[in-house]
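Below is one structure, written out as C-alpha coordinates, with a few remarks after it.
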Amino acid sequence: ANAGLTPDDIDLVLVATSTAIDRSPNMAARVAAKLGMRGGPAVMDINVVCSGFTHALATADHAIRAGSATRALVIGADKMTEITDYTDRATCVLTGDGAGAAVVEACAEPGIGPVLLGSVPEMGHAVRIEG
(Lines give C-alpha, C1' and ligand atoms only; values in the text may rest on other atoms or scores of the structure.)
Protein backbone atom coordinates (compact mmCIF):
# COMPACT_ATOMS: atom_id res chain seq x y z
CA ALA A 1 0.00 0.00 0.00
CA ASN A 2 2.91 2.36 0.66
CA ALA A 3 5.33 1.32 -2.09
CA GLY A 4 4.27 4.16 -4.41
CA LEU A 5 3.82 1.75 -7.32
CA THR A 6 0.97 0.70 -9.57
CA PRO A 7 -0.01 -2.97 -9.86
CA ASP A 8 1.54 -3.10 -13.32
CA ASP A 9 4.95 -2.09 -11.92
CA ILE A 10 5.21 -5.59 -10.40
CA ASP A 11 6.32 -8.44 -12.68
CA LEU A 12 6.67 -11.24 -10.12
CA VAL A 13 4.25 -12.25 -7.35
CA LEU A 14 5.35 -14.81 -4.78
CA VAL A 15 3.04 -16.03 -2.03
CA ALA A 16 4.42 -18.17 0.75
CA THR A 17 1.56 -20.10 2.33
CA SER A 18 0.69 -23.55 3.56
CA THR A 19 -3.00 -22.69 3.91
CA ALA A 20 -4.04 -21.80 0.36
CA ILE A 21 -7.75 -21.61 -0.44
CA ASP A 22 -7.47 -24.20 -3.23
CA ARG A 23 -4.76 -26.14 -5.00
CA SER A 24 -5.53 -24.19 -8.17
CA PRO A 25 -5.45 -21.40 -9.06
CA ASN A 26 -2.54 -20.62 -6.82
CA MET A 27 -2.74 -17.78 -4.31
CA ALA A 28 -0.21 -15.66 -6.21
CA ALA A 29 -2.48 -15.68 -9.28
CA ARG A 30 -5.43 -14.73 -7.07
CA VAL A 31 -3.45 -11.82 -5.59
CA ALA A 32 -2.41 -10.61 -9.06
CA ALA A 33 -6.03 -10.70 -10.24
CA LYS A 34 -7.34 -9.00 -7.09
CA LEU A 35 -4.77 -6.19 -7.47
CA GLY A 36 -5.69 -5.75 -11.15
CA MET A 37 -2.28 -6.67 -12.54
CA ARG A 38 -2.81 -6.62 -16.30
CA GLY A 39 0.83 -7.03 -17.34
CA GLY A 40 0.90 -10.80 -16.88
CA PRO A 41 3.28 -11.07 -13.95
CA ALA A 42 4.92 -14.38 -13.17
CA VAL A 43 3.08 -15.93 -10.22
CA MET A 44 4.17 -18.70 -7.86
CA ASP A 45 3.18 -20.11 -4.50
CA ILE A 46 5.84 -21.46 -2.17
CA ASN A 47 4.83 -23.98 0.50
CA VAL A 48 7.57 -24.57 3.04
CA VAL A 49 5.48 -23.58 6.06
CA CYS A 50 7.51 -21.66 8.70
CA SER A 51 10.35 -20.64 6.42
CA GLY A 52 8.13 -19.81 3.44
CA PHE A 53 8.63 -16.04 3.47
CA THR A 54 12.40 -16.48 3.65
CA HIS A 55 12.31 -18.87 0.68
CA ALA A 56 10.08 -16.44 -1.26
CA LEU A 57 12.39 -13.53 -0.47
CA ALA A 58 15.41 -15.52 -1.68
CA THR A 59 13.50 -16.53 -4.84
CA ALA A 60 12.66 -12.88 -5.56
CA ASP A 61 16.28 -11.89 -5.00
CA HIS A 62 17.50 -14.60 -7.37
CA ALA A 63 14.93 -13.67 -10.06
CA ILE A 64 15.93 -10.00 -9.92
CA ARG A 65 19.66 -10.77 -9.98
CA ALA A 66 19.12 -13.12 -12.95
CA GLY A 67 17.20 -10.43 -14.84
CA SER A 68 13.93 -12.36 -15.07
CA ALA A 69 12.12 -9.84 -12.84
CA THR A 70 12.51 -6.16 -12.00
CA ARG A 71 10.12 -5.89 -9.05
CA ALA A 72 8.61 -8.64 -6.95
CA LEU A 73 5.73 -8.60 -4.52
CA VAL A 74 6.59 -11.11 -1.79
CA ILE A 75 3.80 -12.17 0.56
CA GLY A 76 3.81 -14.52 3.50
CA ALA A 77 0.36 -15.46 4.78
CA ASP A 78 -1.05 -18.35 6.76
CA LYS A 79 -4.30 -19.03 8.57
CA MET A 80 -3.15 -21.83 10.83
CA THR A 81 -6.10 -21.64 13.24
CA GLU A 82 -8.23 -23.49 10.66
CA ILE A 83 -5.92 -26.51 10.60
CA THR A 84 -4.40 -26.55 14.08
CA ASP A 85 -5.21 -29.45 16.41
CA TYR A 86 -5.73 -27.69 19.72
CA THR A 87 -5.83 -31.01 21.57
CA ASP A 88 -2.15 -31.46 20.72
CA ARG A 89 -0.66 -29.14 23.32
CA ALA A 90 2.89 -29.90 22.16
CA THR A 91 2.39 -28.31 18.73
CA CYS A 92 -0.65 -26.02 18.90
CA VAL A 93 1.41 -23.34 20.67
CA LEU A 94 3.77 -23.19 17.69
CA THR A 95 1.26 -21.86 15.16
CA GLY A 96 -0.84 -18.78 14.57
CA ASP A 97 -2.36 -16.62 11.88
CA GLY A 98 -0.38 -13.87 10.21
CA ALA A 99 0.52 -12.07 7.01
CA GLY A 100 3.14 -9.68 5.74
CA ALA A 101 4.34 -8.35 2.41
CA ALA A 102 7.31 -6.59 0.84
CA VAL A 103 8.17 -5.20 -2.56
CA VAL A 104 11.67 -6.21 -3.64
CA GLU A 105 13.58 -4.51 -6.45
CA ALA A 106 17.14 -4.07 -7.62
CA CYS A 107 19.25 -1.44 -5.91
CA ALA A 108 22.76 -0.03 -6.33
CA GLU A 109 24.11 -1.89 -3.31
CA PRO A 110 22.93 -5.38 -2.44
CA GLY A 111 20.20 -5.06 0.15
CA ILE A 112 19.47 -8.73 0.70
CA GLY A 113 22.48 -10.55 2.05
CA PRO A 114 23.14 -14.20 1.52
CA VAL A 115 20.09 -16.26 2.41
CA LEU A 116 21.13 -19.61 3.78
CA LEU A 117 18.41 -22.21 3.30
CA GLY A 118 18.49 -25.69 4.74
CA SER A 119 16.44 -28.42 6.34
CA VAL A 120 16.59 -31.41 8.63
CA PRO A 121 14.83 -34.06 6.50
CA GLU A 122 15.02 -36.78 9.13
CA MET A 123 12.83 -34.62 11.41
CA GLY A 124 10.05 -34.17 8.85
CA HIS A 125 7.74 -36.27 10.99
CA ALA A 126 8.02 -33.95 14.02
CA VAL A 127 5.35 -31.46 12.92
CA ARG A 128 2.80 -32.58 10.38
CA ILE A 129 -0.18 -31.00 8.63
CA GLU A 130 -2.36 -33.75 7.22
CA GLY A 131 -4.67 -33.49 4.26
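Ordering of the C-alpha coordinates sets the chain letters (A, B, ...), residue numbers begin anew at 1 in every chain, and ligands are numbered from 1 in the order given.
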
Find the residues around range 19-34 of chain A up to 12 Å (only C-alpha atoms counted), leave out those fewer than 3 positions away in its own chain, and share them as JSON, numbers by chain. {"A": [6, 7, 8, 9, 10, 11, 12, 13, 14, 15, 16, 37, 38, 39, 40, 41, 42, 43, 44, 45, 46, 47, 48, 49, 50, 52, 56, 72, 73, 74, 75, 76, 77, 78, 79, 80, 81, 82, 83, 84, 96, 97, 98, 99, 101, 129, 130, 131]}

I'd like to know which residues of range 8-62 of chain A are strand (DSSP E or B) (by DSSP, run on the backbone); could you write them as number ranges by chain? A: 12-16, 42-46

DSSP on the backbone: what in chain A comes out helix (DSSP H, G or I), as a ChimeraX atom specification? /A:7-9,27-34,49-66,80-82,92-94,121-123

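Rounded to one decimal, CA of Cys107 in chain A and CA of Arg71 in chain A lie 10.6 Å from each other.
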